[in-house]
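Quick look at data12.cif (mmCIF, C-alpha atoms and all ligand atoms):
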```cif
data_work
loop_
_atom_site.group_PDB
_atom_site.id
_atom_site.type_symbol
_atom_site.label_atom_id
_atom_site.label_comp_id
_atom_site.auth_asym_id
_atom_site.auth_seq_id
_atom_site.Cartn_x
_atom_site.Cartn_y
_atom_site.Cartn_z
ATOM 1 C CA MET A 339 0.000 0.000 0.000
ATOM 2 C CA GLU A 340 1.182 3.522 -0.662
ATOM 3 C CA PHE A 341 2.387 5.152 2.587
ATOM 4 C CA LYS A 342 -0.309 7.842 2.682
ATOM 5 C CA GLU A 343 -2.927 5.141 2.219
ATOM 6 C CA VAL A 344 -1.476 3.146 5.125
ATOM 7 C CA ILE A 345 -1.751 6.182 7.398
ATOM 8 C CA LYS A 346 -5.376 6.634 6.340
ATOM 9 C CA ALA A 347 -6.247 2.945 6.589
ATOM 10 C CA ARG A 348 -5.184 2.453 10.218
ATOM 11 C CA TYR A 349 -7.916 2.769 12.806
ATOM 12 C CA SER A 350 -8.575 1.342 16.243
ATOM 13 C CA CYS A 351 -10.560 -1.852 15.840
ATOM 14 C CA LYS A 352 -12.795 -2.643 18.804
ATOM 15 C CA LYS A 353 -14.408 -5.905 17.647
ATOM 16 C CA TYR A 354 -12.634 -8.785 15.944
ATOM 17 C CA GLY A 355 -13.921 -11.818 14.109
ATOM 18 C CA ASP A 356 -12.508 -15.352 14.233
ATOM 19 C CA ARG A 357 -10.017 -15.058 11.363
ATOM 20 C CA LYS A 358 -6.454 -15.610 12.569
ATOM 21 C CA VAL A 359 -3.516 -13.425 11.598
ATOM 22 C CA GLU A 360 -1.564 -15.312 8.944
ATOM 23 C CA PRO A 361 2.058 -16.151 9.879
ATOM 24 C CA ASP A 362 3.518 -14.230 6.903
ATOM 25 C CA LYS A 363 1.573 -11.107 7.849
ATOM 26 C CA LEU A 364 2.623 -11.416 11.475
ATOM 27 C CA ALA A 365 6.218 -11.822 10.334
ATOM 28 C CA ALA A 366 5.974 -8.628 8.239
ATOM 29 C CA ILE A 367 4.561 -6.737 11.229
ATOM 30 C CA LEU A 368 7.338 -7.957 13.535
ATOM 31 C CA GLU A 369 9.966 -7.135 10.907
ATOM 32 C CA ALA A 370 8.704 -3.531 10.742
ATOM 33 C CA GLY A 371 9.273 -3.324 14.494
ATOM 34 C CA ARG A 372 12.742 -4.788 14.129
ATOM 35 C CA LEU A 373 13.681 -2.038 11.664
ATOM 36 C CA ALA A 374 12.524 0.784 13.941
ATOM 37 C CA PRO A 375 15.141 3.305 15.058
ATOM 38 C CA THR A 376 16.162 3.427 18.724
ATOM 39 C CA ALA A 377 18.375 5.862 20.612
ATOM 40 C CA LYS A 378 22.056 4.874 20.188
ATOM 41 C CA ASN A 379 20.659 1.857 18.317
ATOM 42 C CA LEU A 380 20.217 0.124 21.678
ATOM 43 C CA GLN A 381 17.243 -1.954 20.441
ATOM 44 C CA GLU A 382 16.114 -2.480 24.007
ATOM 45 C CA GLN A 383 12.643 -3.609 22.953
ATOM 46 C CA HIS A 384 11.247 -7.093 23.527
ATOM 47 C CA VAL A 385 8.087 -8.023 21.665
ATOM 48 C CA TYR A 386 5.948 -10.883 22.935
ATOM 49 C CA VAL A 387 3.410 -12.582 20.657
ATOM 50 C CA LEU A 388 0.416 -13.777 22.673
ATOM 51 C CA GLN A 389 -1.558 -16.402 20.787
ATOM 52 C CA SER A 390 -2.037 -19.383 23.088
ATOM 53 C CA ALA A 391 -5.320 -19.672 24.975
ATOM 54 C CA GLU A 392 -3.336 -19.556 28.204
ATOM 55 C CA ALA A 393 -1.487 -16.314 27.350
ATOM 56 C CA LEU A 394 -4.644 -14.653 26.030
ATOM 57 C CA ALA A 395 -6.514 -15.594 29.219
ATOM 58 C CA LYS A 396 -3.775 -13.916 31.244
ATOM 59 C CA PHE A 397 -4.148 -10.839 29.045
ATOM 60 C CA ASP A 398 -7.926 -10.854 29.505
ATOM 61 C CA ALA A 399 -7.421 -10.948 33.265
ATOM 62 C CA VAL A 400 -5.726 -7.523 33.225
ATOM 63 C CA THR A 401 -7.747 -5.637 30.598
ATOM 64 C CA PRO A 402 -11.219 -5.579 29.040
ATOM 65 C CA CYS A 403 -9.673 -4.423 25.759
ATOM 66 C CA ARG A 404 -8.850 -7.518 23.714
ATOM 67 C CA TYR A 405 -12.157 -7.241 21.866
ATOM 68 C CA GLY A 406 -11.801 -10.817 20.608
ATOM 69 C CA ALA A 407 -8.452 -10.294 18.863
ATOM 70 C CA PRO A 408 -6.790 -13.668 18.168
ATOM 71 C CA THR A 409 -3.281 -12.217 18.534
ATOM 72 C CA VAL A 410 -1.895 -9.648 20.932
ATOM 73 C CA LEU A 411 1.584 -8.178 20.789
ATOM 74 C CA LEU A 412 3.156 -6.929 23.981
ATOM 75 C CA VAL A 413 5.905 -4.377 23.570
ATOM 76 C CA ALA A 414 8.289 -4.247 26.502
ATOM 77 C CA PHE A 415 11.752 -2.787 26.928
ATOM 78 C CA ASP A 416 14.829 -3.474 29.027
ATOM 79 C CA LYS A 417 14.711 -0.681 31.574
ATOM 80 C CA TYR A 418 18.393 -1.205 32.400
ATOM 81 C CA ASN A 419 19.542 -0.837 28.791
ATOM 82 C CA VAL A 420 18.293 2.639 27.950
ATOM 83 C CA PHE A 421 20.069 5.819 26.905
ATOM 84 C CA THR A 422 19.789 8.587 29.491
ATOM 85 C CA TYR A 423 19.684 11.952 27.777
ATOM 86 C CA PRO A 424 21.884 14.871 28.826
ATOM 87 C CA GLY A 425 20.428 16.440 31.946
ATOM 88 C CA GLY A 426 19.481 13.030 33.318
ATOM 89 C CA LYS A 427 15.729 13.650 33.464
ATOM 90 C CA ARG A 428 14.631 11.346 30.652
ATOM 91 C CA ASN A 429 15.730 8.162 29.009
ATOM 92 C CA SER A 430 14.983 6.427 25.750
ATOM 93 C CA GLY A 431 13.042 3.384 26.989
ATOM 94 C CA ILE A 432 9.467 4.525 26.551
ATOM 95 C CA GLU A 433 10.017 6.376 23.312
ATOM 96 C CA ASP A 434 12.093 3.654 21.671
ATOM 97 C CA ALA A 435 9.422 1.088 22.484
ATOM 98 C CA THR A 436 6.768 3.511 21.240
ATOM 99 C CA ILE A 437 8.530 3.866 17.892
ATOM 100 C CA VAL A 438 8.742 0.071 17.593
ATOM 101 C CA ALA A 439 5.025 -0.193 18.353
ATOM 102 C CA THR A 440 4.163 2.556 15.877
ATOM 103 C CA HIS A 441 6.138 0.852 13.105
ATOM 104 C CA MET A 442 4.248 -2.370 13.808
ATOM 105 C CA ILE A 443 0.782 -0.820 13.986
ATOM 106 C CA LEU A 444 1.321 0.862 10.611
ATOM 107 C CA ALA A 445 2.767 -2.337 9.160
ATOM 108 C CA ALA A 446 -0.385 -4.124 10.319
ATOM 109 C CA ALA A 447 -2.501 -1.619 8.384
ATOM 110 C CA ASP A 448 -0.261 -2.165 5.358
ATOM 111 C CA GLU A 449 -0.911 -5.914 5.614
ATOM 112 C CA GLY A 450 -4.660 -5.356 5.899
ATOM 113 C CA VAL A 451 -4.596 -6.501 9.538
ATOM 114 C CA ASP A 452 -6.750 -4.547 11.982
ATOM 115 C CA SER A 453 -5.311 -3.405 15.288
ATOM 116 C CA CYS A 454 -5.750 -1.366 18.426
ATOM 117 C CA TRP A 455 -3.176 0.181 20.741
ATOM 118 C CA ILE A 456 -3.993 -0.873 24.319
ATOM 119 C CA ASN A 457 -2.708 0.905 27.401
ATOM 120 C CA ASN A 458 -5.699 0.193 29.608
ATOM 121 C CA LEU A 459 -4.141 -2.760 31.399
ATOM 122 C CA ASP A 460 -2.224 -3.580 34.558
ATOM 123 C CA PRO A 461 1.323 -3.953 33.203
ATOM 124 C CA ASP A 462 2.908 -5.137 36.448
ATOM 125 C CA GLN A 463 0.291 -7.836 36.980
ATOM 126 C CA LEU A 464 0.599 -8.970 33.352
ATOM 127 C CA ALA A 465 4.397 -9.081 33.555
ATOM 128 C CA ALA A 466 4.144 -11.214 36.696
ATOM 129 C CA ASP A 467 1.478 -13.519 35.246
ATOM 130 C CA LEU A 468 3.493 -14.086 32.057
ATOM 131 C CA GLY A 469 6.764 -14.470 33.939
ATOM 132 C CA LEU A 470 8.559 -11.643 32.165
ATOM 133 C CA PRO A 471 12.084 -10.992 33.388
ATOM 134 C CA GLU A 472 12.487 -8.344 36.105
ATOM 135 C CA ASN A 473 14.445 -6.010 33.807
ATOM 136 C CA GLU A 474 11.574 -5.669 31.326
ATOM 137 C CA GLU A 475 8.846 -3.069 31.534
ATOM 138 C CA ILE A 476 5.688 -3.385 29.440
ATOM 139 C CA LEU A 477 4.980 -0.283 27.353
ATOM 140 C CA MET A 478 1.791 -1.276 25.559
ATOM 141 C CA ALA A 479 -0.220 -4.079 24.020
ATOM 142 C CA MET A 480 -1.461 -4.295 20.458
ATOM 143 C CA ASP A 481 -4.566 -6.236 19.508
ATOM 144 C CA LEU A 482 -4.259 -7.776 16.045
ATOM 145 C CA GLY A 483 -6.873 -9.504 13.941
ATOM 146 C CA TYR A 484 -9.631 -8.829 11.461
ATOM 147 C CA ALA A 485 -12.648 -6.662 12.227
ATOM 148 C CA ALA A 486 -15.878 -8.526 12.839
ATOM 149 C CA GLU A 487 -18.317 -8.224 9.982
ATOM 150 C CA GLY A 488 -20.288 -4.999 10.033
ATOM 151 C CA THR A 489 -17.826 -3.169 12.274
ATOM 152 C CA GLY A 490 -15.360 -0.412 11.441
ATOM 153 C CA PRO A 491 -13.843 2.774 12.797
ATOM 154 C CA LEU A 492 -15.590 4.540 15.672
ATOM 155 C CA PRO A 493 -17.057 7.982 14.857
ATOM 156 C CA ASN A 494 -14.184 9.774 16.629
ATOM 157 C CA HIS A 495 -11.702 8.236 14.179
ATOM 158 C CA SER A 496 -12.379 10.980 11.652
ATOM 159 C CA SER A 497 -12.335 13.749 14.260
ATOM 160 C CA ARG A 498 -8.923 15.394 14.197
ATOM 161 C CA LYS A 499 -7.939 18.946 15.087
ATOM 162 C CA PRO A 500 -6.902 21.131 12.165
ATOM 163 C CA LEU A 501 -3.179 21.754 11.764
ATOM 164 C CA SER A 502 -3.790 25.405 12.665
ATOM 165 C CA GLU A 503 -4.463 24.213 16.251
ATOM 166 C CA THR A 504 -1.526 21.865 16.586
ATOM 167 C CA VAL A 505 1.251 23.379 14.457
ATOM 168 C CA SER A 506 3.024 26.725 14.840
ATOM 169 C CA THR A 507 5.714 28.036 12.572
ATOM 170 C CA ILE A 508 8.115 30.239 14.509
HETATM 171 C C1 LIG B 601 -1.451 5.606 23.492
HETATM 172 C C2 LIG B 601 -2.798 5.011 23.164
HETATM 173 C C3 LIG B 601 -3.449 4.245 24.098
HETATM 174 C C4 LIG B 601 -4.682 3.655 23.793
HETATM 175 N N1 LIG B 601 -5.254 2.809 24.685
HETATM 176 C C5 LIG B 601 -6.422 2.228 24.380
HETATM 177 C C6 LIG B 601 -7.014 1.282 25.270
HETATM 178 O O1 LIG B 601 -6.459 0.948 26.302
HETATM 179 N N2 LIG B 601 -8.195 0.731 24.918
HETATM 180 C C7 LIG B 601 -8.832 1.043 23.745
HETATM 181 O O2 LIG B 601 -9.902 0.497 23.475
HETATM 182 N N3 LIG B 601 -8.284 1.922 22.870
HETATM 183 C C8 LIG B 601 -7.102 2.507 23.155
HETATM 184 N N4 LIG B 601 -6.516 3.373 22.263
HETATM 185 C C9 LIG B 601 -7.199 3.673 21.005
HETATM 186 C C10 LIG B 601 -7.758 5.090 21.013
HETATM 187 O O3 LIG B 601 -8.938 5.105 21.756
HETATM 188 C C11 LIG B 601 -7.958 5.533 19.560
HETATM 189 O O4 LIG B 601 -6.714 5.529 18.919
HETATM 190 C C12 LIG B 601 -8.538 6.921 19.438
HETATM 191 O O5 LIG B 601 -9.828 6.934 19.981
HETATM 192 C C13 LIG B 601 -8.596 7.387 17.989
HETATM 193 O O6 LIG B 601 -9.258 6.436 17.186
HETATM 194 P P1 LIG B 601 -8.556 5.855 15.888
HETATM 195 O O7 LIG B 601 -7.309 5.138 16.353
HETATM 196 O O8 LIG B 601 -9.572 4.928 15.277
HETATM 197 O O9 LIG B 601 -8.230 7.004 14.999
HETATM 198 C C14 LIG B 601 -5.294 3.927 22.545
HETATM 199 C C15 LIG B 601 -4.611 4.713 21.603
HETATM 200 C C16 LIG B 601 -3.388 5.239 21.903
HETATM 201 C C17 LIG B 601 -2.672 6.045 20.855
#
```
Rewrite the coordinates I just gave you, this time as structure tokens.
Amino acid sequence: MEFKEVIKARYSCKKYGDRKVEPDKLAAILEAGRLAPTAKNLQEQHVYVLQSAEALAKFDAVTPCRYGAPTVLLVAFDKYNVFTYPGGKRNSGIEDATIVATHMILAAADEGVDSCWINNLDPDQLAADLGLPENEEILMAMDLGYAAEGTGPLPNHSSRKPLSETVSTI
């Protein structure tokens, strides 16, 4: 898909049907995350693919927001392998993982796979339930699948502020 079309095609899917995400499409999505830039090229992300009934049940226990998606990606990062910016107030962990997630959510749209970014979850509980290593912090989860028949973007999808409200040239 042409890049502008990918940007337009992505929306937050809130109801999935039974169709599974094909392995080649999942691989393309994960590859887009692999190619994402990170500060100092640290690549501190760790992406978990949740597909087993057991893993998905653990996900459902910490969020109401799976919406029937057959696959969920968890994007975590190694909190001890981040670049601390000059001044010491911020480090790269959250933003590097966010860029990885953004690459993957757009790649999903490019593959025709529907998605939703999920932050409404208990990350510490999920990390414990899945047995993630202590050094990893969960940034977000990404539902992946195909929209249930008859569903599509919510009305607020097309509601965006004009550039005049969000951009200033100085
Ligand atoms: C950082 C972030 C966190 C979000 N968390 C959730 C969530 O926990 N549950 C949910 O249903 N949607 C979540 N969303 C989806 C937003 O509700 C959605 O992106 C927004 O309403 C705009 O709709 P659109 O993505 O269709 O354009 C999240 C989106 C972002 C960017």
Pull the closest atom pair for each residue of region 339-390 of chain A that gets at most 9 Å from region 411-420 of chain A, along with the distance in Å to one decimal, counting all atoms listed in the file, ordering rows by chain and then ascending residue number, as JSON lines.
```
{"residue": "A:Ala377", "atom": "CA", "partner": "A:Val420", "partner_atom": "CA", "distance": 8.0}
{"residue": "A:Lys378", "atom": "CA", "partner": "A:Val420", "partner_atom": "CA", "distance": 8.9}
{"residue": "A:Leu380", "atom": "CA", "partner": "A:Val420", "partner_atom": "CA", "distance": 7.0}
{"residue": "A:Gln381", "atom": "CA", "partner": "A:Phe415", "partner_atom": "CA", "distance": 8.5}
{"residue": "A:Glu382", "atom": "CA", "partner": "A:Phe415", "partner_atom": "CA", "distance": 5.3}
{"residue": "A:Gln383", "atom": "CA", "partner": "A:Phe415", "partner_atom": "CA", "distance": 4.2}
{"residue": "A:His384", "atom": "CA", "partner": "A:Ala414", "partner_atom": "CA", "distance": 5.1}
{"residue": "A:Val385", "atom": "CA", "partner": "A:Val413", "partner_atom": "CA", "distance": 4.7}
{"residue": "A:Tyr386", "atom": "CA", "partner": "A:Leu412", "partner_atom": "CA", "distance": 5.0}
{"residue": "A:Val387", "atom": "CA", "partner": "A:Leu411", "partner_atom": "CA", "distance": 4.8}
{"residue": "A:Leu388", "atom": "CA", "partner": "A:Leu411", "partner_atom": "CA", "distance": 6.0}
{"residue": "A:Gln389", "atom": "CA", "partner": "A:Leu411", "partner_atom": "CA", "distance": 8.8}
```
Selection result of the PyMOL selection byres (((not hetatm)) within 12 of (chain B and resi 601)) on this file, as a ChimeraX atom specification | /A:345-353,400-407,432-433,435-437,439-440,443-444,447,452-461,477-481,489-499
Once you have the residues from the selection above, write them out as a short mmCIF file (atom, residue, chain, number, x, y, z; two decimals), in the coordinates of the input, restricted to C-alpha atoms.
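And here is the file that came out, part.cif:
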```
data_model
loop_
_atom_site.label_atom_id
_atom_site.label_comp_id
_atom_site.auth_asym_id
_atom_site.auth_seq_id
_atom_site.Cartn_x
_atom_site.Cartn_y
_atom_site.Cartn_z
CA ILE A 345 -1.75 6.18 7.40
CA LYS A 346 -5.38 6.63 6.34
CA ALA A 347 -6.25 2.94 6.59
CA ARG A 348 -5.18 2.45 10.22
CA TYR A 349 -7.92 2.77 12.81
CA SER A 350 -8.57 1.34 16.24
CA CYS A 351 -10.56 -1.85 15.84
CA LYS A 352 -12.80 -2.64 18.80
CA LYS A 353 -14.41 -5.90 17.65
CA VAL A 400 -5.73 -7.52 33.22
CA THR A 401 -7.75 -5.64 30.60
CA PRO A 402 -11.22 -5.58 29.04
CA CYS A 403 -9.67 -4.42 25.76
CA ARG A 404 -8.85 -7.52 23.71
CA TYR A 405 -12.16 -7.24 21.87
CA GLY A 406 -11.80 -10.82 20.61
CA ALA A 407 -8.45 -10.29 18.86
CA ILE A 432 9.47 4.53 26.55
CA GLU A 433 10.02 6.38 23.31
CA ALA A 435 9.42 1.09 22.48
CA THR A 436 6.77 3.51 21.24
CA ILE A 437 8.53 3.87 17.89
CA ALA A 439 5.03 -0.19 18.35
CA THR A 440 4.16 2.56 15.88
CA ILE A 443 0.78 -0.82 13.99
CA LEU A 444 1.32 0.86 10.61
CA ALA A 447 -2.50 -1.62 8.38
CA ASP A 452 -6.75 -4.55 11.98
CA SER A 453 -5.31 -3.40 15.29
CA CYS A 454 -5.75 -1.37 18.43
CA TRP A 455 -3.18 0.18 20.74
CA ILE A 456 -3.99 -0.87 24.32
CA ASN A 457 -2.71 0.90 27.40
CA ASN A 458 -5.70 0.19 29.61
CA LEU A 459 -4.14 -2.76 31.40
CA ASP A 460 -2.22 -3.58 34.56
CA PRO A 461 1.32 -3.95 33.20
CA LEU A 477 4.98 -0.28 27.35
CA MET A 478 1.79 -1.28 25.56
CA ALA A 479 -0.22 -4.08 24.02
CA MET A 480 -1.46 -4.30 20.46
CA ASP A 481 -4.57 -6.24 19.51
CA THR A 489 -17.83 -3.17 12.27
CA GLY A 490 -15.36 -0.41 11.44
CA PRO A 491 -13.84 2.77 12.80
CA LEU A 492 -15.59 4.54 15.67
CA PRO A 493 -17.06 7.98 14.86
CA ASN A 494 -14.18 9.77 16.63
CA HIS A 495 -11.70 8.24 14.18
CA SER A 496 -12.38 10.98 11.65
CA SER A 497 -12.34 13.75 14.26
CA ARG A 498 -8.92 15.39 14.20
CA LYS A 499 -7.94 18.95 15.09
#
```
To one decimal place, how far is CA of Gly450 (chain A) from CA of Ala374 (chain A) in Å?
->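 Computing it gives 19.9 Å between the two atoms.
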What does the PyMOL selection byres (((chain A and resi 363) around 9) and not hetatm) select in this file, as a PyMOL selection string?
-> chain A and resi 359-362+364-368+445-446+449-451
May I ask for the distance between CA of Glu392 (chain A) and CA of Gly371 (chain A), given in Å to one decimal place?
-> 24.7 Å
